[in-house]
Amino acid sequence: MIFSIIRTALVSLRRDRAALALSFILPVAFFSIFAVIFGGRRDTVPKVSVILVDQDQSEASRQLVKALEGDGSLNVRTKPPAKTKGAEPPADYTAATAEAAVKAGDVSVALIVPRGFGDHPISFGPGENGSAIELLNDASDAIAPQVVAGLLQKAAMTAMPLVMAQQGMNYTGEYIGGFTPEQRKRMDEGLARLREQQSGADGTAQNPTTNPSGGAGIIAVKTRSVVGENKNNPMISFYAAAIGVMFLLFTASGAAGALLDEAESGALDRVLSTRVTMTTLLAGKMLYNTMLAFIQLTVMFLWAWAVFKLDFFSHISGFVVMGLSTALAVAAFGILLASLCHTRAQLGAVSTLVILIMSSIGGSMFPRFLMPESMQKAGLFTINAWAIDGFTKVFWRDLPVSALWQQVSVLLAVAIGLFLIARRIARRWEYA
């Protein structure tokens, strides 16, 4: 009897495809996603994009820039990308345009090599000599500045041996009272040999295996946060948007499931027998779901304002624009799922599977900027990613409503596209 019960349960599970998917496909899908993010494979670690401005244009600064550009862990930008294909190459970044790019979220880090760096490039001890390189960063990304600072010290150790030797001699002579003529002659000969080695075919030192840690740092670096330095609880807006969008998707799919209840009870046939068309019915339900989602999102952000000190009311216009766009997109998503499914049970299983995968890839569970580049691009196929990016522009970067055109356009296009697909699928109820 026990084996008969087991066999009956297995047959039921095999027939219930939704339950089968939740039991096996969802765990495998989540494992695969997080394995790619946290797996630690070398080829999945994303490069750190950094803007580099060389104001000095000395031999030392050029060597440092060349070493940073050749580092496989960095994507160094010295000028903005061309806006249109075939257009004239844009001018190099300046300190002002580099700071503006960090504030706009184009990159998380910018390095400014100041004038005079070549005269005193090496700093022996904190605040002692050396022309400090300015590192501008976005405080929302705590990892990229640390990576860039470490690679900067590595580049100095491996790319500027001649400069280090010359500076070391100058400091030594200054502190011990000078060298004898014989000592000066020998050091000049050593520098000449080092100069010959450094002027090889590739123009770099031939022994790049120096310890990259650099101790406290042989190059002085001044770090300055240009985004988020004056905000309280700076990541609250990110989590409010990330978690809020994920639960909006669940709310919209659940509310749209009323279509299935009406179809099963026969109420849908009675409604369609009146002057109400399927297009009108779907549009009405979509607007209702939009209103419900927007109210839910408003409550989430008001709670963040009241309890976690989120600066909400000074960004109210941006919130309304992004909130309505996001609510409309998730409402259309819910209508589409309800049109695809045939029962409430099927809708619950499918929506759970799809929404959790979208949320993990789109940034609701883990910030996209910490994901591998391929995962970041995959996230752009989700509602979550565009909504989170828009709310980040509003609450984190303090950008005006006009800067939201890209996110709003995508979300509205998604809403229209999903609604049209849902309308076509819903024809099955008209001919049932």
# chains A, B, ... in the order shown; residues from 1 in each chain; ligands from 1

$ residues_around --residues "His342 of chain A" --least-positions-apart "5" --cutoff "10 Å" --atoms "only C-alpha atoms" --output "VMD selection string"
chain A and resid 257 259 to 261 263 to 264 337 347

$ write_last_selection --atoms "C-alpha atoms" --output "PDB file, in the first residue's frame"
ATOM      1  CA  GLY A 257      -5.620  36.253 -11.744  1.00  0.00           C
ATOM      2  CA  LEU A 259      -9.548  36.945 -14.978  1.00  0.00           C
ATOM      3  CA  LEU A 260      -9.055  33.234 -14.464  1.00  0.00           C
ATOM      4  CA  ASP A 261     -11.563  33.154 -11.613  1.00  0.00           C
ATOM      5  CA  ALA A 263     -13.466  32.580 -16.703  1.00  0.00           C
ATOM      6  CA  GLU A 264     -13.863  29.515 -14.476  1.00  0.00           C
ATOM      7  CA  LEU A 337       0.664  35.982 -17.260  1.00  0.00           C
ATOM      8  CA  LEU A 347      -0.620  31.143 -12.576  1.00  0.00           C
TER       9      LEU A 347
END

$ closest_atom_pairs --of "segment 385-406 of chain A" --to "segment 306-325 of chain A" --cutoff "9 Å" --atoms "only C-alpha atoms" --output "JSON lines"
{"residue": "A:Ala387", "atom": "CA", "partner": "A:Met322", "partner_atom": "CA", "distance": 7.1}
{"residue": "A:Gly390", "atom": "CA", "partner": "A:Met322", "partner_atom": "CA", "distance": 6.5}
{"residue": "A:Phe391", "atom": "CA", "partner": "A:Met322", "partner_atom": "CA", "distance": 6.7}
{"residue": "A:Lys393", "atom": "CA", "partner": "A:Gly318", "partner_atom": "CA", "distance": 8.8}
{"residue": "A:Val394", "atom": "CA", "partner": "A:Gly318", "partner_atom": "CA", "distance": 5.7}
{"residue": "A:Phe395", "atom": "CA", "partner": "A:His315", "partner_atom": "CA", "distance": 6.7}
{"residue": "A:Asp398", "atom": "CA", "partner": "A:His315", "partner_atom": "CA", "distance": 7.8}
{"residue": "A:Leu399", "atom": "CA", "partner": "A:Gly318", "partner_atom": "CA", "distance": 8.6}
{"residue": "A:Pro400", "atom": "CA", "partner": "A:Gly318", "partner_atom": "CA", "distance": 7.2}
{"residue": "A:Val401", "atom": "CA", "partner": "A:Gly318", "partner_atom": "CA", "distance": 5.3}
{"residue": "A:Leu404", "atom": "CA", "partner": "A:Met322", "partner_atom": "CA", "distance": 7.9}

$ write_last_selection --atoms "N, CA, C and O atoms" --output "PDB file, in the first residue's frame"
ATOM      1  N   ALA A 387      13.466  49.760 -13.762  1.00  0.00           N
ATOM      2  CA  ALA A 387      12.825  50.482 -12.663  1.00  0.00           C
ATOM      3  C   ALA A 387      13.847  50.899 -11.608  1.00  0.00           C
ATOM      4  O   ALA A 387      13.851  52.045 -11.140  1.00  0.00           O
ATOM      5  N   GLY A 390      15.987  53.763 -12.763  1.00  0.00           N
ATOM      6  CA  GLY A 390      15.270  55.031 -12.729  1.00  0.00           C
ATOM      7  C   GLY A 390      15.159  55.595 -11.323  1.00  0.00           C
ATOM      8  O   GLY A 390      15.412  56.788 -11.094  1.00  0.00           O
ATOM      9  N   PHE A 391      14.790  54.762 -10.367  1.00  0.00           N
ATOM     10  CA  PHE A 391      14.688  55.233  -8.983  1.00  0.00           C
ATOM     11  C   PHE A 391      16.059  55.631  -8.432  1.00  0.00           C
ATOM     12  O   PHE A 391      16.156  56.544  -7.599  1.00  0.00           O
ATOM     13  N   LYS A 393      18.439  57.027 -10.191  1.00  0.00           N
ATOM     14  CA  LYS A 393      18.678  58.373 -10.713  1.00  0.00           C
ATOM     15  C   LYS A 393      17.937  59.428  -9.899  1.00  0.00           C
ATOM     16  O   LYS A 393      18.462  60.520  -9.656  1.00  0.00           O
ATOM     17  N   VAL A 394      16.740  59.105  -9.458  1.00  0.00           N
ATOM     18  CA  VAL A 394      15.929  60.087  -8.721  1.00  0.00           C
ATOM     19  C   VAL A 394      16.469  60.300  -7.316  1.00  0.00           C
ATOM     20  O   VAL A 394      16.754  61.436  -6.905  1.00  0.00           O
ATOM     21  N   PHE A 395      16.616  59.213  -6.551  1.00  0.00           N
ATOM     22  CA  PHE A 395      16.898  59.338  -5.126  1.00  0.00           C
ATOM     23  C   PHE A 395      18.394  59.345  -4.788  1.00  0.00           C
ATOM     24  O   PHE A 395      18.782  59.870  -3.753  1.00  0.00           O
ATOM     25  N   ASP A 398      20.089  62.404  -7.666  1.00  0.00           N
ATOM     26  CA  ASP A 398      19.403  63.706  -7.647  1.00  0.00           C
ATOM     27  C   ASP A 398      19.272  64.301  -9.046  1.00  0.00           C
ATOM     28  O   ASP A 398      19.368  65.518  -9.231  1.00  0.00           O
ATOM     29  N   LEU A 399      19.042  63.451 -10.044  1.00  0.00           N
ATOM     30  CA  LEU A 399      18.903  63.933 -11.410  1.00  0.00           C
ATOM     31  C   LEU A 399      17.480  64.419 -11.658  1.00  0.00           C
ATOM     32  O   LEU A 399      16.529  63.964 -11.020  1.00  0.00           O
ATOM     33  N   PRO A 400      17.288  65.353 -12.586  1.00  0.00           N
ATOM     34  CA  PRO A 400      15.942  65.874 -12.868  1.00  0.00           C
ATOM     35  C   PRO A 400      15.089  64.846 -13.599  1.00  0.00           C
ATOM     36  O   PRO A 400      15.593  63.826 -14.104  1.00  0.00           O
ATOM     37  N   VAL A 401      13.811  65.140 -13.703  1.00  0.00           N
ATOM     38  CA  VAL A 401      12.878  64.218 -14.358  1.00  0.00           C
ATOM     39  C   VAL A 401      13.265  63.987 -15.812  1.00  0.00           C
ATOM     40  O   VAL A 401      13.080  62.889 -16.354  1.00  0.00           O
ATOM     41  N   LEU A 404      15.188  60.901 -16.875  1.00  0.00           N
ATOM     42  CA  LEU A 404      14.558  59.589 -16.772  1.00  0.00           C
ATOM     43  C   LEU A 404      13.957  59.117 -18.089  1.00  0.00           C
ATOM     44  O   LEU A 404      13.307  58.064 -18.118  1.00  0.00           O
TER      45      LEU A 404
END

$ atom_distance --atom1 "atom CA of Tyr288 of chain A" --atom2 "atom CA of Phe250 of chain A"
14.9 Å

$ residues_around --residues "Leu297 of chain A" --least-positions-apart "5" --cutoff "9 Å" --atoms "only C-alpha atoms" --output "ChimeraX atom specification"
/A:240-241,244-245,248,292,302,323,327

$ closest_residue --among "A:Ile421, A:Ile219, A:Ala91, A:Ala256" --to "Ser131 of chain A" --atoms "only C-alpha atoms"
A:Ile219

$ atom_distance --atom1 "atom CA of Ala156 of chain A" --atom2 "atom CA of Leu64 of chain A"
6.2 Å

$ closest_residue --among "A:Ile122, A:Leu336, A:Val330, A:Leu412" --to "Met157 of chain A" --atoms "only C-alpha atoms"
A:Ile122

$ residues_around --residues "Thr290 of chain A" --least-positions-apart "3" --cutoff "9 Å" --atoms "only C-alpha atoms" --output "ChimeraX atom specification"
/A:252,285-287,293-295,324-332

$ atom_distance --atom1 "atom CA of Ser108 of chain A" --atom2 "atom CA of Ser402 of chain A"
21.8 Å

$ residues_around --residues "Leu136 of chain A" --least-positions-apart "2" --cutoff "9 Å" --atoms "only C-alpha atoms" --output "short mmCIF file (atom, residue, chain, number, x, y, z; two decimals) with N, CA, C and O atoms, in the first residue's frame"
data_model
loop_
_atom_site.label_atom_id
_atom_site.label_comp_id
_atom_site.auth_asym_id
_atom_site.auth_seq_id
_atom_site.Cartn_x
_atom_site.Cartn_y
_atom_site.Cartn_z
N ALA A 98 34.82 64.46 -16.05
CA ALA A 98 34.97 63.17 -15.38
C ALA A 98 34.10 63.11 -14.13
O ALA A 98 33.43 62.10 -13.86
N GLU A 99 34.09 64.20 -13.36
CA GLU A 99 33.24 64.24 -12.16
C GLU A 99 31.78 64.17 -12.53
O GLU A 99 30.98 63.49 -11.87
N VAL A 102 30.81 60.57 -13.30
CA VAL A 102 30.61 59.76 -12.09
C VAL A 102 29.27 60.09 -11.45
O VAL A 102 28.52 59.20 -11.02
N SER A 108 31.84 54.29 -11.93
CA SER A 108 31.85 54.46 -10.47
C SER A 108 33.10 55.16 -9.97
O SER A 108 33.13 55.63 -8.83
N VAL A 109 34.16 55.22 -10.81
CA VAL A 109 35.45 55.75 -10.38
C VAL A 109 36.07 56.59 -11.49
O VAL A 109 35.96 56.25 -12.67
N ALA A 110 36.71 57.68 -11.09
CA ALA A 110 37.52 58.48 -12.01
C ALA A 110 38.83 58.83 -11.32
O ALA A 110 38.84 59.12 -10.11
N LEU A 111 39.92 58.80 -12.07
CA LEU A 111 41.24 59.16 -11.55
C LEU A 111 41.71 60.44 -12.23
O LEU A 111 41.70 60.54 -13.45
N ILE A 112 42.13 61.41 -11.43
CA ILE A 112 42.63 62.68 -11.93
C ILE A 112 44.11 62.77 -11.56
O ILE A 112 44.45 62.88 -10.37
N GLU A 134 43.81 62.27 -7.44
CA GLU A 134 42.45 62.36 -6.89
C GLU A 134 41.60 61.23 -7.43
O GLU A 134 41.53 61.01 -8.64
N ASP A 138 31.65 56.97 -6.65
CA ASP A 138 30.24 56.91 -6.30
C ASP A 138 30.12 56.02 -5.07
O ASP A 138 30.46 54.84 -5.11
N PRO A 145 36.16 51.49 -5.97
CA PRO A 145 37.26 52.36 -5.55
C PRO A 145 38.41 51.60 -4.92
O PRO A 145 39.59 51.95 -5.13
N LYS A 222 44.05 60.84 -2.96
CA LYS A 222 42.98 61.51 -2.21
C LYS A 222 41.64 61.03 -2.75
O LYS A 222 41.33 61.22 -3.93
N THR A 223 40.87 60.40 -1.90
CA THR A 223 39.57 59.86 -2.31
C THR A 223 38.46 60.82 -1.94
O THR A 223 38.42 61.34 -0.82
N ARG A 224 37.58 61.05 -2.90
CA ARG A 224 36.45 61.95 -2.66
C ARG A 224 35.19 61.36 -3.27
O ARG A 224 35.16 61.04 -4.46
N SER A 225 34.14 61.23 -2.46
CA SER A 225 32.85 60.76 -2.96
C SER A 225 32.10 61.94 -3.55
O SER A 225 31.87 62.94 -2.87
N VAL A 226 31.72 61.82 -4.81
CA VAL A 226 31.01 62.91 -5.48
C VAL A 226 29.52 62.64 -5.56
O VAL A 226 28.75 63.49 -6.00
#

$ closest_residue --among "A:Ser58, A:Ser339, A:Ser237, A:Ser4" --to "Met278 of chain A" --atoms "only C-alpha atoms"
A:Ser339

$ decode --residues "segment 128-143 of chain A" --atoms "N, CA and C atoms" --output "PDB file, in the first residue's frame"
ATOM      1  N   GLU A 128      53.449  63.010   2.803  1.00  0.00           N
ATOM      2  CA  GLU A 128      54.819  63.483   2.708  1.00  0.00           C
ATOM      3  C   GLU A 128      55.246  63.497   1.255  1.00  0.00           C
ATOM      4  N   ASN A 129      55.543  64.694   0.725  1.00  0.00           N
ATOM      5  CA  ASN A 129      55.910  64.850  -0.672  1.00  0.00           C
ATOM      6  C   ASN A 129      54.833  64.225  -1.566  1.00  0.00           C
ATOM      7  N   GLY A 130      55.191  63.974  -2.794  1.00  0.00           N
ATOM      8  CA  GLY A 130      54.245  63.335  -3.712  1.00  0.00           C
ATOM      9  C   GLY A 130      53.110  64.259  -4.103  1.00  0.00           C
ATOM     10  N   SER A 131      52.683  64.151  -5.344  1.00  0.00           N
ATOM     11  CA  SER A 131      51.514  64.885  -5.826  1.00  0.00           C
ATOM     12  C   SER A 131      50.352  63.916  -5.861  1.00  0.00           C
ATOM     13  N   ALA A 132      49.401  64.111  -4.981  1.00  0.00           N
ATOM     14  CA  ALA A 132      48.341  63.128  -4.779  1.00  0.00           C
ATOM     15  C   ALA A 132      47.431  63.047  -5.989  1.00  0.00           C
ATOM     16  N   ILE A 133      47.113  61.826  -6.406  1.00  0.00           N
ATOM     17  CA  ILE A 133      46.123  61.578  -7.443  1.00  0.00           C
ATOM     18  C   ILE A 133      44.747  61.600  -6.792  1.00  0.00           C
ATOM     19  N   GLU A 134      43.805  62.267  -7.441  1.00  0.00           N
ATOM     20  CA  GLU A 134      42.451  62.363  -6.888  1.00  0.00           C
ATOM     21  C   GLU A 134      41.598  61.227  -7.428  1.00  0.00           C
ATOM     22  N   LEU A 135      40.970  60.486  -6.533  1.00  0.00           N
ATOM     23  CA  LEU A 135      40.092  59.377  -6.900  1.00  0.00           C
ATOM     24  C   LEU A 135      38.662  59.792  -6.571  1.00  0.00           C
ATOM     25  N   LEU A 136      37.881  60.023  -7.612  1.00  0.00           N
ATOM     26  CA  LEU A 136      36.468  60.383  -7.450  1.00  0.00           C
ATOM     27  C   LEU A 136      35.635  59.119  -7.527  1.00  0.00           C
ATOM     28  N   ASN A 137      34.675  58.960  -6.638  1.00  0.00           N
ATOM     29  CA  ASN A 137      33.899  57.725  -6.625  1.00  0.00           C
ATOM     30  C   ASN A 137      32.446  57.967  -6.284  1.00  0.00           C
ATOM     31  N   ASP A 138      31.652  56.968  -6.645  1.00  0.00           N
ATOM     32  CA  ASP A 138      30.238  56.909  -6.300  1.00  0.00           C
ATOM     33  C   ASP A 138      30.120  56.022  -5.069  1.00  0.00           C
ATOM     34  N   ALA A 139      29.649  56.589  -3.964  1.00  0.00           N
ATOM     35  CA  ALA A 139      29.647  55.869  -2.692  1.00  0.00           C
ATOM     36  C   ALA A 139      28.744  54.638  -2.694  1.00  0.00           C
ATOM     37  N   SER A 140      27.852  54.505  -3.684  1.00  0.00           N
ATOM     38  CA  SER A 140      26.983  53.332  -3.716  1.00  0.00           C
ATOM     39  C   SER A 140      27.746  52.072  -4.105  1.00  0.00           C
ATOM     40  N   ASP A 141      28.891  52.239  -4.768  1.00  0.00           N
ATOM     41  CA  ASP A 141      29.733  51.104  -5.145  1.00  0.00           C
ATOM     42  C   ASP A 141      30.969  51.137  -4.267  1.00  0.00           C
ATOM     43  N   ALA A 142      30.964  50.303  -3.222  1.00  0.00           N
ATOM     44  CA  ALA A 142      32.067  50.324  -2.268  1.00  0.00           C
ATOM     45  C   ALA A 142      33.253  49.493  -2.723  1.00  0.00           C
ATOM     46  N   ILE A 143      33.094  48.691  -3.751  1.00  0.00           N
ATOM     47  CA  ILE A 143      34.156  47.778  -4.177  1.00  0.00           C
ATOM     48  C   ILE A 143      35.062  48.398  -5.221  1.00  0.00           C
TER      49      ILE A 143
END
